[in-house]
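Source file: coords_23.txt; contents: compact mmCIF, C-alpha atoms.
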```
# COMPACT_ATOMS: atom_id res chain seq x y z
CA ARG A 274 0.00 0.00 0.00
CA SER A 275 2.70 2.45 -1.02
CA LEU A 276 0.28 5.30 -1.76
CA ALA A 277 -1.05 5.03 1.80
CA VAL A 278 2.55 5.31 3.05
CA VAL A 279 3.01 8.51 1.04
CA GLU A 280 -0.11 10.01 2.67
CA ALA A 281 1.17 8.97 6.10
CA LEU A 282 4.43 10.78 5.40
CA GLN A 283 2.48 13.92 4.50
CA ALA A 284 0.58 13.67 7.79
CA ILE A 285 3.82 13.29 9.80
CA LYS A 286 5.76 15.95 7.91
CA HIS A 287 4.54 18.99 9.85
CA SER A 288 5.78 17.54 13.17
CA LEU A 289 9.31 17.14 11.78
CA VAL A 290 9.90 20.69 10.60
CA GLY A 291 12.30 22.45 12.97
CA GLN A 292 13.40 19.26 14.78
CA ASP A 293 17.06 18.54 15.57
CA ALA A 294 17.88 15.86 12.97
CA THR A 295 20.61 14.36 15.17
CA ARG A 296 18.02 13.20 17.75
CA ILE A 297 17.20 10.05 15.82
CA GLU A 298 15.94 7.99 18.76
CA PHE A 299 13.82 10.88 20.06
CA ILE A 300 12.24 11.44 16.65
CA TRP A 301 11.54 7.70 16.30
CA GLN A 302 9.81 7.60 19.69
CA ASP A 303 7.85 10.78 19.02
CA ILE A 304 6.52 9.54 15.68
CA PHE A 305 5.70 6.10 17.08
CA ARG A 306 4.08 7.00 20.39
CA GLY A 307 3.77 10.76 20.48
CA THR A 308 0.13 10.41 19.43
CA PHE A 309 -2.50 7.93 20.58
CA TRP A 310 -2.64 5.74 17.44
CA ARG A 311 0.62 4.10 16.45
CA GLY A 312 2.19 1.18 14.66
CA GLY A 313 0.96 -1.00 11.84
CA PRO A 314 2.66 -1.62 8.51
CA VAL A 315 1.68 1.69 6.86
CA LEU A 316 2.78 3.99 9.68
CA GLN A 317 5.88 1.90 10.38
CA SER A 318 6.86 2.07 6.71
CA ALA A 319 6.54 5.86 6.79
CA LEU A 320 8.58 5.98 10.01
CA ALA A 321 11.17 3.71 8.39
CA GLY A 322 11.63 6.12 5.51
CA ILE A 323 12.25 8.99 7.92
CA ASP A 324 14.58 6.96 10.14
CA ILE A 325 16.69 5.67 7.23
CA ALA A 326 16.98 9.22 5.87
CA LEU A 327 18.15 10.50 9.26
CA TRP A 328 20.86 7.84 9.53
CA ASP A 329 22.01 8.71 6.01
CA LEU A 330 22.03 12.40 6.90
CA ALA A 331 24.00 11.77 10.09
CA GLY A 332 26.73 9.96 8.18
CA LYS A 333 26.89 12.59 5.45
CA THR A 334 27.04 15.41 8.01
CA LEU A 335 29.97 13.77 9.82
CA GLY A 336 31.63 12.49 6.64
CA VAL A 337 31.59 8.80 7.62
CA PRO A 338 29.71 5.69 6.47
CA THR A 339 26.58 5.09 8.52
CA TYR A 340 27.76 1.67 9.76
CA ARG A 341 30.56 3.43 11.66
CA LEU A 342 27.93 5.36 13.61
CA LEU A 343 26.23 2.05 14.45
CA GLY A 344 29.31 0.68 16.22
CA GLY A 345 31.61 -0.01 13.31
CA ALA A 346 32.01 -3.06 11.12
CA ALA A 347 31.30 -6.40 12.80
CA ARG A 348 32.08 -8.08 9.47
CA GLU A 349 33.92 -7.14 6.29
CA ARG A 350 31.08 -7.93 3.88
CA VAL A 351 27.51 -9.23 3.84
CA LEU A 352 26.48 -12.55 2.30
CA LEU A 353 23.68 -12.29 -0.28
CA TYR A 354 21.07 -14.61 -1.67
CA ARG A 355 19.38 -14.46 -5.06
CA HIS A 356 15.98 -15.54 -6.33
CA VAL A 357 15.81 -18.35 -8.86
CA ARG A 358 13.15 -18.57 -11.58
CA CYS A 359 10.66 -21.34 -10.86
CA ASP A 360 8.34 -21.35 -13.88
CA SER A 361 9.67 -24.82 -14.73
CA ILE A 362 12.30 -27.19 -13.36
CA PRO A 363 14.62 -26.90 -16.41
CA ASN A 364 14.47 -23.07 -16.30
CA MET A 365 15.10 -23.14 -12.55
CA ILE A 366 18.21 -25.26 -12.97
CA GLU A 367 19.52 -23.12 -15.83
CA HIS A 368 19.04 -19.92 -13.83
CA ALA A 369 20.58 -21.44 -10.70
CA HIS A 370 23.72 -22.44 -12.59
CA ALA A 371 23.98 -18.93 -14.04
CA LEU A 372 23.79 -17.36 -10.57
CA ILE A 373 26.36 -19.77 -9.17
CA HIS A 374 28.64 -18.87 -12.07
CA GLU A 375 28.25 -15.21 -11.02
CA GLY A 376 29.54 -16.13 -7.56
CA TYR A 377 26.38 -16.59 -5.49
CA SER A 378 26.41 -19.47 -2.99
CA VAL A 379 22.92 -18.97 -1.52
CA LEU A 380 19.82 -19.36 -3.68
CA ARG A 381 16.13 -18.98 -2.92
CA ILE A 382 13.23 -20.71 -4.64
CA SER A 383 9.48 -20.20 -4.40
CA PRO A 384 8.07 -23.02 -6.56
CA LEU A 385 4.57 -22.78 -5.11
CA ASP A 386 4.16 -19.83 -7.50
CA ALA A 387 4.13 -22.32 -10.36
CA PHE A 388 0.98 -23.93 -9.01
CA ALA A 389 -1.34 -20.93 -9.21
CA PRO A 390 -2.52 -20.80 -12.84
CA GLU A 391 -4.57 -17.63 -13.36
CA GLY A 392 -4.22 -16.86 -9.64
CA VAL A 393 -5.89 -20.04 -8.35
CA PHE A 394 -3.57 -21.84 -5.94
CA ASP A 395 -3.80 -25.64 -5.76
CA ALA A 396 -2.18 -26.59 -2.45
CA VAL A 397 -2.38 -30.36 -3.05
CA ARG A 398 -0.50 -30.19 -6.37
CA GLY A 399 1.70 -27.42 -5.01
CA LEU A 400 2.98 -29.45 -2.07
CA ARG A 401 3.96 -32.43 -4.20
CA GLY A 402 5.38 -30.34 -7.01
CA ALA A 403 7.35 -28.00 -4.77
CA ILE A 404 9.24 -30.88 -3.19
CA ASP A 405 10.08 -32.13 -6.70
CA TYR A 406 11.53 -28.68 -7.47
CA MET A 407 13.68 -28.77 -4.33
CA ALA A 408 14.91 -32.29 -5.07
CA ALA A 409 15.84 -31.37 -8.63
CA LEU A 410 17.67 -28.21 -7.58
CA ARG A 411 19.62 -29.96 -4.83
CA GLU A 412 20.71 -32.66 -7.27
CA ALA A 413 21.70 -30.01 -9.83
CA VAL A 414 23.74 -27.72 -7.55
CA GLY A 415 25.18 -30.25 -5.10
CA PRO A 416 25.52 -30.05 -1.31
CA GLU A 417 27.60 -26.87 -1.01
CA THR A 418 25.11 -24.36 -2.40
CA GLN A 419 22.62 -23.27 0.23
CA ILE A 420 18.93 -23.22 -0.74
CA ILE A 421 16.22 -21.19 0.95
CA PHE A 422 12.69 -22.48 0.32
CA GLU A 423 10.05 -19.74 0.33
CA ALA A 424 6.41 -20.75 0.94
CA HIS A 425 5.11 -17.17 1.21
CA THR A 426 2.54 -17.93 3.97
CA ARG A 427 0.40 -19.90 1.51
CA LEU A 428 -0.08 -23.05 3.59
CA ASN A 429 -2.06 -23.99 6.68
CA PRO A 430 -0.23 -25.70 9.60
CA PRO A 431 -0.77 -29.35 8.58
CA GLN A 432 0.24 -28.55 5.00
CA ALA A 433 3.32 -26.72 6.31
CA VAL A 434 4.29 -29.73 8.45
CA GLU A 435 4.01 -31.96 5.38
CA LEU A 436 6.10 -29.57 3.32
CA CYS A 437 8.85 -29.10 5.91
CA ASN A 438 9.20 -32.82 6.52
CA GLY A 439 9.27 -33.46 2.78
CA LEU A 440 12.06 -30.90 2.34
CA ALA A 441 14.19 -32.04 5.29
CA SER A 442 16.34 -34.54 3.41
CA TYR A 443 17.36 -31.84 0.91
CA GLN A 444 18.89 -29.71 3.69
CA PRO A 445 17.27 -26.31 3.18
CA PHE A 446 19.10 -23.31 4.65
CA TYR A 447 15.67 -22.54 6.12
CA VAL A 448 12.01 -22.75 5.14
CA GLU A 449 10.62 -19.25 4.90
CA ASP A 450 7.06 -18.28 5.85
CA PRO A 451 5.57 -21.79 5.75
CA ILE A 452 2.51 -20.35 7.53
CA ARG A 453 1.15 -16.89 8.26
CA SER A 454 3.19 -14.92 10.77
CA GLU A 455 0.54 -13.25 12.94
CA ASN A 456 0.17 -16.12 15.45
CA PRO A 457 3.35 -17.33 17.18
CA ALA A 458 1.47 -20.28 18.72
CA SER A 459 1.13 -21.76 15.25
CA PHE A 460 4.92 -21.64 14.89
CA ALA A 461 5.17 -23.51 18.19
CA HIS A 462 2.97 -26.22 16.68
CA LEU A 463 5.06 -26.32 13.52
CA ARG A 464 8.31 -26.33 15.52
CA SER A 465 7.22 -29.41 17.42
CA HIS A 466 6.49 -31.37 14.24
CA THR A 467 9.57 -30.68 12.08
CA ASN A 468 13.32 -30.31 12.40
CA VAL A 469 14.09 -27.95 9.50
CA ALA A 470 15.23 -24.41 10.25
CA LEU A 471 12.43 -21.85 10.02
CA GLY A 472 12.36 -18.20 9.05
CA THR A 473 9.68 -15.52 9.12
CA GLY A 474 9.12 -11.84 9.81
CA GLU A 475 8.84 -9.79 6.62
CA GLN A 476 5.21 -8.97 7.45
CA LEU A 477 5.93 -8.02 11.06
CA HIS A 478 6.44 -4.36 11.80
CA ASP A 479 7.98 -3.73 15.23
CA LYS A 480 9.94 -5.33 18.06
CA TRP A 481 6.78 -6.30 19.92
CA THR A 482 5.43 -8.41 17.05
CA PHE A 483 8.78 -10.24 16.92
CA ARG A 484 8.99 -10.68 20.68
CA THR A 485 7.30 -14.08 21.15
CA LEU A 486 8.98 -15.60 18.12
CA ILE A 487 12.32 -14.54 19.57
CA GLU A 488 11.85 -15.23 23.27
CA GLU A 489 10.26 -18.65 22.77
CA GLU A 490 12.80 -19.50 20.03
CA LEU A 491 10.09 -20.46 17.56
CA VAL A 492 12.10 -19.54 14.45
CA ASP A 493 15.79 -19.53 13.57
CA TYR A 494 16.07 -16.67 11.07
CA LEU A 495 14.29 -13.34 11.34
CA ARG A 496 13.18 -11.85 8.02
CA VAL A 497 13.25 -8.27 9.26
CA ASP A 498 12.35 -5.70 6.62
CA ILE A 499 13.68 -2.45 8.01
CA CYS A 500 11.75 -0.49 5.36
CA HIS A 501 8.50 -1.68 6.97
CA THR A 502 9.72 -2.13 10.56
CA GLY A 503 10.61 1.38 11.59
CA GLY A 504 14.00 1.64 9.92
CA ILE A 505 17.56 1.07 11.08
CA THR A 506 16.78 2.13 14.65
CA GLU A 507 14.20 -0.63 15.13
CA GLY A 508 16.22 -3.15 13.14
CA ARG A 509 19.15 -2.79 15.57
CA LYS A 510 16.86 -3.43 18.54
CA ILE A 511 15.33 -6.54 16.99
CA ALA A 512 18.83 -7.80 16.21
CA SER A 513 19.87 -7.28 19.85
CA MET A 514 16.79 -9.17 21.08
CA ALA A 515 17.62 -12.01 18.69
CA GLU A 516 21.29 -12.13 19.71
CA VAL A 517 20.29 -13.26 23.20
CA HIS A 518 18.63 -16.34 21.64
CA TYR A 519 21.35 -17.05 19.04
CA GLN A 520 19.01 -16.15 16.20
CA GLU A 521 20.25 -14.36 13.11
CA LEU A 522 18.79 -11.81 10.72
CA ALA A 523 18.06 -12.68 7.09
CA CYS A 524 16.77 -9.28 6.06
CA HIS A 525 13.99 -8.91 3.50
CA TYR A 526 14.52 -6.65 0.49
CA THR A 527 12.01 -3.98 -0.55
CA ALA A 528 12.77 -3.63 -4.26
CA SER A 529 14.93 -0.51 -4.02
CA PRO A 530 18.65 0.32 -3.81
CA VAL A 531 17.77 2.40 -0.72
CA SER A 532 16.55 -0.80 0.94
CA THR A 533 19.76 -2.59 -0.09
CA ALA A 534 21.99 0.18 1.29
CA ALA A 535 20.11 0.50 4.58
CA MET A 536 20.21 -3.27 5.17
CA LEU A 537 23.88 -3.39 4.24
CA HIS A 538 24.89 -0.82 6.86
CA LEU A 539 22.74 -2.45 9.54
CA ASN A 540 24.06 -5.93 8.73
CA LEU A 541 27.68 -4.76 8.71
CA SER A 542 27.26 -3.43 12.24
CA ILE A 543 25.48 -6.33 13.99
CA PRO A 544 27.03 -9.63 15.13
CA ASN A 545 24.09 -11.82 14.04
CA CYS A 546 23.56 -11.33 10.31
CA ALA A 547 23.16 -14.59 8.38
CA VAL A 548 22.33 -13.40 4.88
CA GLN A 549 20.69 -10.50 3.04
CA GLU A 550 18.15 -10.71 0.23
CA PHE A 551 19.36 -9.05 -2.96
CA ALA A 552 18.21 -8.27 -6.47
CA PRO A 553 20.16 -6.04 -8.85
CA SER A 554 18.30 -2.90 -9.86
CA ASP A 555 18.11 -1.74 -13.44
CA GLY A 556 16.28 0.63 -15.76
CA TRP A 557 14.75 3.80 -14.37
CA MET A 558 15.65 2.95 -10.75
CA ASP A 559 19.33 3.34 -11.53
CA ASP A 560 18.63 6.78 -12.98
CA VAL A 561 16.92 7.85 -9.76
CA ILE A 562 19.20 6.26 -7.15
CA GLN A 563 22.99 6.26 -7.47
CA THR A 564 24.83 3.76 -5.25
CA THR A 565 28.44 3.19 -4.22
CA HIS A 566 28.32 -0.25 -2.61
CA VAL A 567 30.27 -3.00 -4.37
CA LEU A 568 29.02 -6.45 -5.36
CA GLU A 569 31.70 -9.16 -5.42
CA LYS A 570 31.39 -12.96 -5.54
CA GLY A 571 28.03 -13.14 -3.82
CA TYR A 572 28.87 -10.57 -1.14
CA LEU A 573 28.08 -6.89 -0.78
CA HIS A 574 30.71 -4.41 0.41
CA ALA A 575 30.10 -0.87 1.61
CA SER A 576 32.23 1.91 0.18
CA ASP A 577 33.87 4.67 2.23
CA ALA A 578 31.25 7.13 0.97
CA PRO A 579 29.51 9.04 3.78
CA GLY A 580 26.07 8.04 4.98
CA LEU A 581 24.49 5.07 3.25
CA GLY A 582 26.55 5.69 0.12
CA ILE A 583 23.53 6.63 -1.98
CA ASP A 584 22.23 9.76 -3.70
CA ILE A 585 18.77 10.41 -5.12
CA ASP A 586 18.12 12.41 -8.27
CA GLU A 587 14.80 14.09 -7.50
CA GLU A 588 14.32 15.32 -11.05
CA ALA A 589 14.71 11.79 -12.38
CA ALA A 590 12.30 10.54 -9.72
CA ALA A 591 9.69 13.10 -10.80
CA ALA A 592 9.85 11.67 -14.30
CA HIS A 593 8.66 8.29 -12.99
CA PRO A 594 5.38 8.81 -11.08
CA PRO A 595 3.63 5.86 -9.39
CA ILE A 596 1.88 3.35 -11.62
CA LEU A 597 -1.81 3.21 -10.72
CA PRO A 598 -3.67 1.33 -9.42
CA ASP A 599 -1.25 0.44 -6.65
CA GLU A 600 -2.60 -3.04 -5.98
CA PRO A 601 -0.83 -6.41 -5.63
CA PRO A 602 -2.17 -9.63 -7.15
CA HIS A 603 -5.01 -11.41 -5.37
CA TRP A 604 -5.01 -15.21 -5.28
CA ARG A 605 -7.92 -17.60 -4.72
CA ARG A 606 -8.32 -21.21 -3.68
CA PRO A 607 -10.06 -23.64 -6.02
CA ASP A 608 -13.36 -23.02 -4.16
CA GLY A 609 -13.10 -19.27 -4.76
CA SER A 610 -12.07 -18.25 -1.23
CA VAL A 611 -9.11 -15.98 -0.48
CA ASN A 612 -5.61 -17.43 -0.45
CA ASP A 613 -2.57 -15.64 0.95
CA TRP A 614 -0.39 -14.06 -1.71
```

Show me, as structure tokens, the structure contained in the file I just sent.
Amino acid sequence: RSLAVVEALQAIKHSLVGQDATRIEFIWQDIFRGTFWRGGPVLQSALAGIDIALWDLAGKTLGVPTYRLLGGAARERVLLYRHVRCDSIPNMIEHAHALIHEGYSVLRISPLDAFAPEGVFDAVRGLRGAIDYMAALREAVGPETQIIFEAHTRLNPPQAVELCNGLASYQPFYVEDPIRSENPASFAHLRSHTNVALGTGEQLHDKWTFRTLIEEELVDYLRVDICHTGGITEGRKIASMAEVHYQELACHYTASPVSTAAMLHLNLSIPNCAVQEFAPSDGWMDDVIQTTHVLEKGYLHASDAPGLGIDIDEEAAAAHPPILPDEPPHWRRPDGSVNDW
């Protein structure tokens, strides 16, 4: 709901004018709880945009990369994973080999997408077929390449148990979003019925919604999306909560070089980063957002440029207004009811 986020930013804007931009924590708290209604994915996405901008501004004002303001580099580079096409098994294998040739050692597949012709998702066929995809990819790439299996919250708990147990012998890095993420108790049920590593979190929007998953150790990898979770400030706090329980972040990417840069600087500065989602940008986005980070052999390196190492060309951005309507796909089950997309 990006247009709703833009309107939220307009509503918040008047309270920011005249503020001391170095008081990042104060501004975060004031936006989040300075009024009665707070939180939720739309408001947290707006807050994230402000918070990320302030961390970029702080680094540029002081002439240092933002990660140095976050405690310095805890690692030299950040491991990336790439998405693999899953429209057919032969195309998946061909694309996987191409990405490995480019230097990537972590791949991610979402083969359930292939079992939703015209937006109607067949869970029975999807479960069987998705395991076939995983088996074929593991055979094709061997044991050293890590594979993340993404289910995108499309299954109910018994289906998720069946999927996870069917995938176990193919050694997934983790199974991502096998069920919806709102109810931690359902992850407790899933945890008790399977031994594969689990990941979730890209739809969660603050430290409180992550709390039970972390404290009860119901997942292994936290898919924090700092562009929807209040920015770098909140991402650091979630990472610290997870560190206590030996959980690691596998940050979710929000289709923008700004997202990539913000995640990079957070992940460089924390001790518990496992991997970062990545997709190269191209076309008009590269005209709007100039970046300085360096991609090398499946890792991302930050430059010495101040702030997040990015610059935005506002004139170029104005030439690319939003595409309307701003609406994602809607999937159905075979009986016509709503299925998670």

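Between CA of Asp560 in chain A and CA of Glu375 in chain A there is a distance of 24.1 Å.
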
(request) Determine, counting all atoms listed in the file, which protein, DNA and RNA residues have an atom within 7 Å of an atom of range 359-369 of chain A; residues of the same chain fewer than 2 positions away are not included. Present the result as a ChimeraX atom specification. (result) /A:357,371-373,382-384,387,406,410,413

(message) Measuring between all atoms listed in the file, which one of A:Gly415, A:Pro594, A:Gly344, A:Pro431 shows the shortest distance to Ile543 in chain A?
(response) A:Gly344

Counting all atoms listed in the file, what is within 12 Å of range 309-322 of chain A, bar same-chain residues fewer than 2 positions away, as a PDB file with C-alpha atoms, in the coordinates of the input?
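As written to disk, around_18.pdb reads:
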```pdb
ATOM      1  CA  ARG A 274       0.000   0.000   0.000  1.00  0.00           C
ATOM      2  CA  SER A 275       2.700   2.450  -1.020  1.00  0.00           C
ATOM      3  CA  LEU A 276       0.280   5.300  -1.760  1.00  0.00           C
ATOM      4  CA  ALA A 277      -1.050   5.030   1.800  1.00  0.00           C
ATOM      5  CA  VAL A 278       2.550   5.310   3.050  1.00  0.00           C
ATOM      6  CA  VAL A 279       3.010   8.510   1.040  1.00  0.00           C
ATOM      7  CA  GLU A 280      -0.110  10.010   2.670  1.00  0.00           C
ATOM      8  CA  ALA A 281       1.170   8.970   6.100  1.00  0.00           C
ATOM      9  CA  LEU A 282       4.430  10.780   5.400  1.00  0.00           C
ATOM     10  CA  GLN A 283       2.480  13.920   4.500  1.00  0.00           C
ATOM     11  CA  ALA A 284       0.580  13.670   7.790  1.00  0.00           C
ATOM     12  CA  ILE A 285       3.820  13.290   9.800  1.00  0.00           C
ATOM     13  CA  LYS A 286       5.760  15.950   7.910  1.00  0.00           C
ATOM     14  CA  LEU A 289       9.310  17.140  11.780  1.00  0.00           C
ATOM     15  CA  ILE A 297      17.200  10.050  15.820  1.00  0.00           C
ATOM     16  CA  GLU A 298      15.940   7.990  18.760  1.00  0.00           C
ATOM     17  CA  ILE A 300      12.240  11.440  16.650  1.00  0.00           C
ATOM     18  CA  TRP A 301      11.540   7.700  16.300  1.00  0.00           C
ATOM     19  CA  GLN A 302       9.810   7.600  19.690  1.00  0.00           C
ATOM     20  CA  ASP A 303       7.850  10.780  19.020  1.00  0.00           C
ATOM     21  CA  ILE A 304       6.520   9.540  15.680  1.00  0.00           C
ATOM     22  CA  PHE A 305       5.700   6.100  17.080  1.00  0.00           C
ATOM     23  CA  ARG A 306       4.080   7.000  20.390  1.00  0.00           C
ATOM     24  CA  GLY A 307       3.770  10.760  20.480  1.00  0.00           C
ATOM     25  CA  ASP A 324      14.580   6.960  10.140  1.00  0.00           C
ATOM     26  CA  ILE A 325      16.690   5.670   7.230  1.00  0.00           C
ATOM     27  CA  ALA A 326      16.980   9.220   5.870  1.00  0.00           C
ATOM     28  CA  LEU A 327      18.150  10.500   9.260  1.00  0.00           C
ATOM     29  CA  TRP A 328      20.860   7.840   9.530  1.00  0.00           C
ATOM     30  CA  ASP A 329      22.010   8.710   6.010  1.00  0.00           C
ATOM     31  CA  GLU A 475       8.840  -9.790   6.620  1.00  0.00           C
ATOM     32  CA  GLN A 476       5.210  -8.970   7.450  1.00  0.00           C
ATOM     33  CA  LEU A 477       5.930  -8.020  11.060  1.00  0.00           C
ATOM     34  CA  HIS A 478       6.440  -4.360  11.800  1.00  0.00           C
ATOM     35  CA  ASP A 479       7.980  -3.730  15.230  1.00  0.00           C
ATOM     36  CA  LYS A 480       9.940  -5.330  18.060  1.00  0.00           C
ATOM     37  CA  TRP A 481       6.780  -6.300  19.920  1.00  0.00           C
ATOM     38  CA  THR A 482       5.430  -8.410  17.050  1.00  0.00           C
ATOM     39  CA  ASP A 498      12.350  -5.700   6.620  1.00  0.00           C
ATOM     40  CA  ILE A 499      13.680  -2.450   8.010  1.00  0.00           C
ATOM     41  CA  CYS A 500      11.750  -0.490   5.360  1.00  0.00           C
ATOM     42  CA  HIS A 501       8.500  -1.680   6.970  1.00  0.00           C
ATOM     43  CA  THR A 502       9.720  -2.130  10.560  1.00  0.00           C
ATOM     44  CA  GLY A 503      10.610   1.380  11.590  1.00  0.00           C
ATOM     45  CA  GLY A 504      14.000   1.640   9.920  1.00  0.00           C
ATOM     46  CA  ILE A 505      17.560   1.070  11.080  1.00  0.00           C
ATOM     47  CA  THR A 506      16.780   2.130  14.650  1.00  0.00           C
ATOM     48  CA  GLU A 507      14.200  -0.630  15.130  1.00  0.00           C
ATOM     49  CA  GLY A 508      16.220  -3.150  13.140  1.00  0.00           C
ATOM     50  CA  THR A 527      12.010  -3.980  -0.550  1.00  0.00           C
ATOM     51  CA  VAL A 531      17.770   2.400  -0.720  1.00  0.00           C
ATOM     52  CA  SER A 532      16.550  -0.800   0.940  1.00  0.00           C
ATOM     53  CA  ALA A 535      20.110   0.500   4.580  1.00  0.00           C
ATOM     54  CA  MET A 536      20.210  -3.270   5.170  1.00  0.00           C
TER      55      MET A 536
END
```

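Considering the residues A:Ala331, A:Leu537, A:Leu463, A:Val492 and counting all atoms listed in the file, Glu521 in chain A has its shortest atom-to-atom contact with A:Val492.
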
(message) Set the distance at 10 Å and use all atoms listed in the file: which residues neighbour Asp577 in chain A once local chain neighbours fewer than 6 positions away are removed? I'd like the list as a list in words.
(response) Gly336, Val337, Pro338, Thr339, Thr565 and His566 of chain A

(message) For Glu349 in chain A, find every residue with an atom within 10 Å (counting only C-alpha atoms), except residues of its own chain fewer than 2 positions away, and show them as an MDAnalysis selection string.
(response) chainID A and resid 346:347 351 541:542 572:575

(message) Restricting the calculation to all atoms listed in the file: of A:Phe460, A:Ala441, A:Lys570, A:Glu417, which residue gets closest to Gly376 in chain A?
(response)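 Of A:Phe460, A:Ala441, A:Lys570, A:Glu417, the one nearest Gly376 in chain A, counting all atoms listed in the file, is A:Lys570.
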
(request) One decimal, Å: what's the distance from CA of Gln549 in chain A over to CA of Val379 in chain A, could you say? (result)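 Result for CA of Gln549 in chain A versus CA of Val379 in chain A: 9.9 Å, one decimal.
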
(message) When you count all atoms listed in the file, which of these residues is closest to Ala590 in chain A: A:Leu400, A:Leu385, A:Ile562, A:Met407?
(response)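 Among the listed residues, A:Ile562 lies closest to Ala590 in chain A.
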
(message) Need the shell around Glu435 in chain A: protein/DNA/RNA residues with any atom at most 12 Å away, counting all atoms listed in the file. Skip same-chain ones fewer than 3 positions apart. Format as a ChimeraX atom specification?
(response) /A:396-397,399-401,403-404,428-432,438-441,451-452,463,466-469

(request) Quick one: pull the distance between CA of Ser288 in chain A and CA of Gly332 in chain A, Å, one decimal. (result)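 CA of Gly332 in chain A lies 22.8 Å from CA of Ser288 in chain A.
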
(message) Given the point (8.7, -20.7, -0.4) in the file's coordinates, find the residues that have an atom at most 6 Å from it, counting all atoms listed in the file, and give them as a PyMOL selection string.
(response) chain A and resi 383+422-425+449
